[in-house]
Amino acid sequence: MLGNATWNETFGSYNDSLHYYTNGTNIEKVVSVMVPVFFGMIGLTGLIGNGLVVLVAANPNMRSTTNLLIINLAAADLLFVIFCVPFTATDYILPEWPFGEVWCKFVQYMIVVTAHASAYTLVLMSLDRFLAVVHPITSMSLRTERNAVIAIAVTWFTILTTAIPVALSHGVLFYPNKGINYTACLFLQTEYNLIAFHVSFFLSSYVVPLTLISMLYIGMLARLWKSGAPGGRVSAESRRGKKRVTRMVVVVVLAFAICWCPIQVILVLKSFEVYEVTHSSIITQIVAHVLAYTNSCINPVLYAFLSDNFRKAFRKVVWCGAPPSSLLRIPQGPRTGETKTTRTGNGTSNADVL
């Protein structure tokens with residue numbers, strides 16, 4: 001058990017819940033209302049959205065390498081929502097950790113695992129689309145369901161094994177507050193380096209995947225905008241397709257970058273003990289956590305439901321396989337020939353993979 005001097009000297013203000021209850025200010029009331037509402041909305045939305053993605057993408061008629069990656073992304077986001085949202089909310093609301101030593105280690109381990117799994121699934125999806133756009137013919141032998149399963153398995157194995165130190169470096173500690181001893185699930189700074197932990201997490205789960213995603217999408221967009229119709233003429237349909245892809249790419253990269261940036265920066269600043277704990281900074285950190293977790297809720301929209309095939313399959317699921325004819329009404333225009341061309345030619349075929 002730690003005394004006041006030892007606790008303050010060793011951990012400082014690492015655990016924000018200590019600050020709430022030590023000071024006993026109105027911030028407790030704000031947190032007790034704000035956290036359940038926002039974290040509850042994120043949890044519910046993430047469970048429903050990602051659950052629907054898995055349900056739709058698992059349809060045998062939807063089998064493809066891209067959809068296998070979408071299922072993996074939804075599964076990673078589901079695990080992230082399950083193991084991150086409720087326990088982070090608990091850490092904010094309660095003055096102590098009520099789940100014990102083993103669950104403390106497991107939850108911290110799963111948070112890091114699922115965060116990495118989600119990020120690197122986005123990298124795999126970006127690579128899949130890059131190959132489909134830049135090397136549409138030569139990549140056909142690579143972009144198979146078998147290779148997609150192997151890539152997913154290798155990714156999970158790497159993440160699961162490299163994250164083991166996370167479980168070892170966390171544990172339940174006691175701290176005194178107003179004559180009462182409370183427990184907290186914390187990083188063990190007396191045995192491990194907090195700065196190294198958060199900097200490495202920042203690099204491995206944010207900087208590296210974001211850099212890879214951006215490089216792949218830049219290469220893909222460069223190819224899309226260079227390719228035109230025979231003779232150098234670009235059709236109106238091709239231009240529309242390229243604009244749609246450009247918007248999608250920008251949204252995808254910005255969503256990941258913006259959602260995860262604030263909390264990543266805050267965690268690094270806290271590890272260097274330069275993030276002062278005040279009422280406003282506590283609210284800022286909660287908002288940053290909400291924003292980061294929101295990324296797991298919007299992924300189903302960005303990567304699945306903006307796809308025509310997913311929308312049609314989703315309608316079938318909702319309407320039990322028999323959607324109203326009005327929902328399946330196809331706009332008048334070019335028929336089968338043009339549709340096939342857009343999926344195989346150099347015009348908007350590359351856009352269709354997004």
# chains A, B, ... in the order shown; residues from 1 in each chain; ligands from 1
>>> select_by_dssp(residues="range 98-324 of chain A", states="helix (DSSP H, G or I)", output="VMD selection string")
chain A and resid 100 to 134 138 to 141 145 to 162 164 to 168 194 to 226 230 to 232 236 to 271 279 to 305 308 to 318
>>> residues_around(residues="range 103-117 of chain A", least_positions_apart="2", cutoff="8 Å", atoms="only C-alpha atoms", output="MDAnalysis selection string")
chainID A and resid 73 76:77 79:80 83:84 87 99:101 119:121 155:156 159:160 163:164 166:168 170:172 185 204:205
>>> closest_residue(among="A:Leu69, A:Leu131, A:Val37, A:Ile93", to="Val149 in chain A", atoms="only C-alpha atoms")
A:Leu69
>>> atom_distance(atom1="CA of Val54 in chain A", atom2="CA of Phe314 in chain A")
10.7 Å
>>> residues_around(residues="range 267-273 of chain A", least_positions_apart="3", cutoff="7 Å", atoms="only C-alpha atoms", output="list in words")
Leu194, Ile195, His198, Val199, Ile263 and Gln264 of chain A
>>> write_last_selection(atoms="N, CA, C and O atoms", output="PDB file, in the first residue's frame")
ATOM      1  N   LEU A 194       6.762   4.714 -18.603  1.00  0.00           N
ATOM      2  CA  LEU A 194       5.493   5.208 -19.139  1.00  0.00           C
ATOM      3  C   LEU A 194       5.689   5.980 -20.434  1.00  0.00           C
ATOM      4  O   LEU A 194       4.885   5.871 -21.367  1.00  0.00           O
ATOM      5  N   ILE A 195       6.751   6.770 -20.524  1.00  0.00           N
ATOM      6  CA  ILE A 195       7.007   7.558 -21.735  1.00  0.00           C
ATOM      7  C   ILE A 195       7.231   6.638 -22.929  1.00  0.00           C
ATOM      8  O   ILE A 195       6.657   6.845 -24.007  1.00  0.00           O
ATOM      9  N   HIS A 198       3.798   5.048 -24.083  1.00  0.00           N
ATOM     10  CA  HIS A 198       2.862   5.896 -24.825  1.00  0.00           C
ATOM     11  C   HIS A 198       3.442   6.389 -26.151  1.00  0.00           C
ATOM     12  O   HIS A 198       2.708   6.519 -27.134  1.00  0.00           O
ATOM     13  N   VAL A 199       4.731   6.650 -26.189  1.00  0.00           N
ATOM     14  CA  VAL A 199       5.342   7.074 -27.451  1.00  0.00           C
ATOM     15  C   VAL A 199       5.303   5.925 -28.459  1.00  0.00           C
ATOM     16  O   VAL A 199       4.985   6.125 -29.637  1.00  0.00           O
ATOM     17  N   ILE A 263      -6.597  12.289 -28.615  1.00  0.00           N
ATOM     18  CA  ILE A 263      -6.323  11.426 -27.469  1.00  0.00           C
ATOM     19  C   ILE A 263      -4.897  10.899 -27.506  1.00  0.00           C
ATOM     20  O   ILE A 263      -4.246  10.737 -26.468  1.00  0.00           O
ATOM     21  N   GLN A 264      -4.376  10.663 -28.703  1.00  0.00           N
ATOM     22  CA  GLN A 264      -2.989  10.206 -28.813  1.00  0.00           C
ATOM     23  C   GLN A 264      -2.031  11.278 -28.290  1.00  0.00           C
ATOM     24  O   GLN A 264      -1.088  10.992 -27.541  1.00  0.00           O
TER      25      GLN A 264
END
>>> atom_distance(atom1="CA of Val133 in chain A", atom2="CA of Gly49 in chain A")
28.0 Å
>>> residues_around(residues="Pro262 in chain A", least_positions_apart="4", cutoff="10 Å", atoms="only C-alpha atoms", output="number ranges by chain")
A: 257-258, 266-267, 284-285, 287-289, 291-292
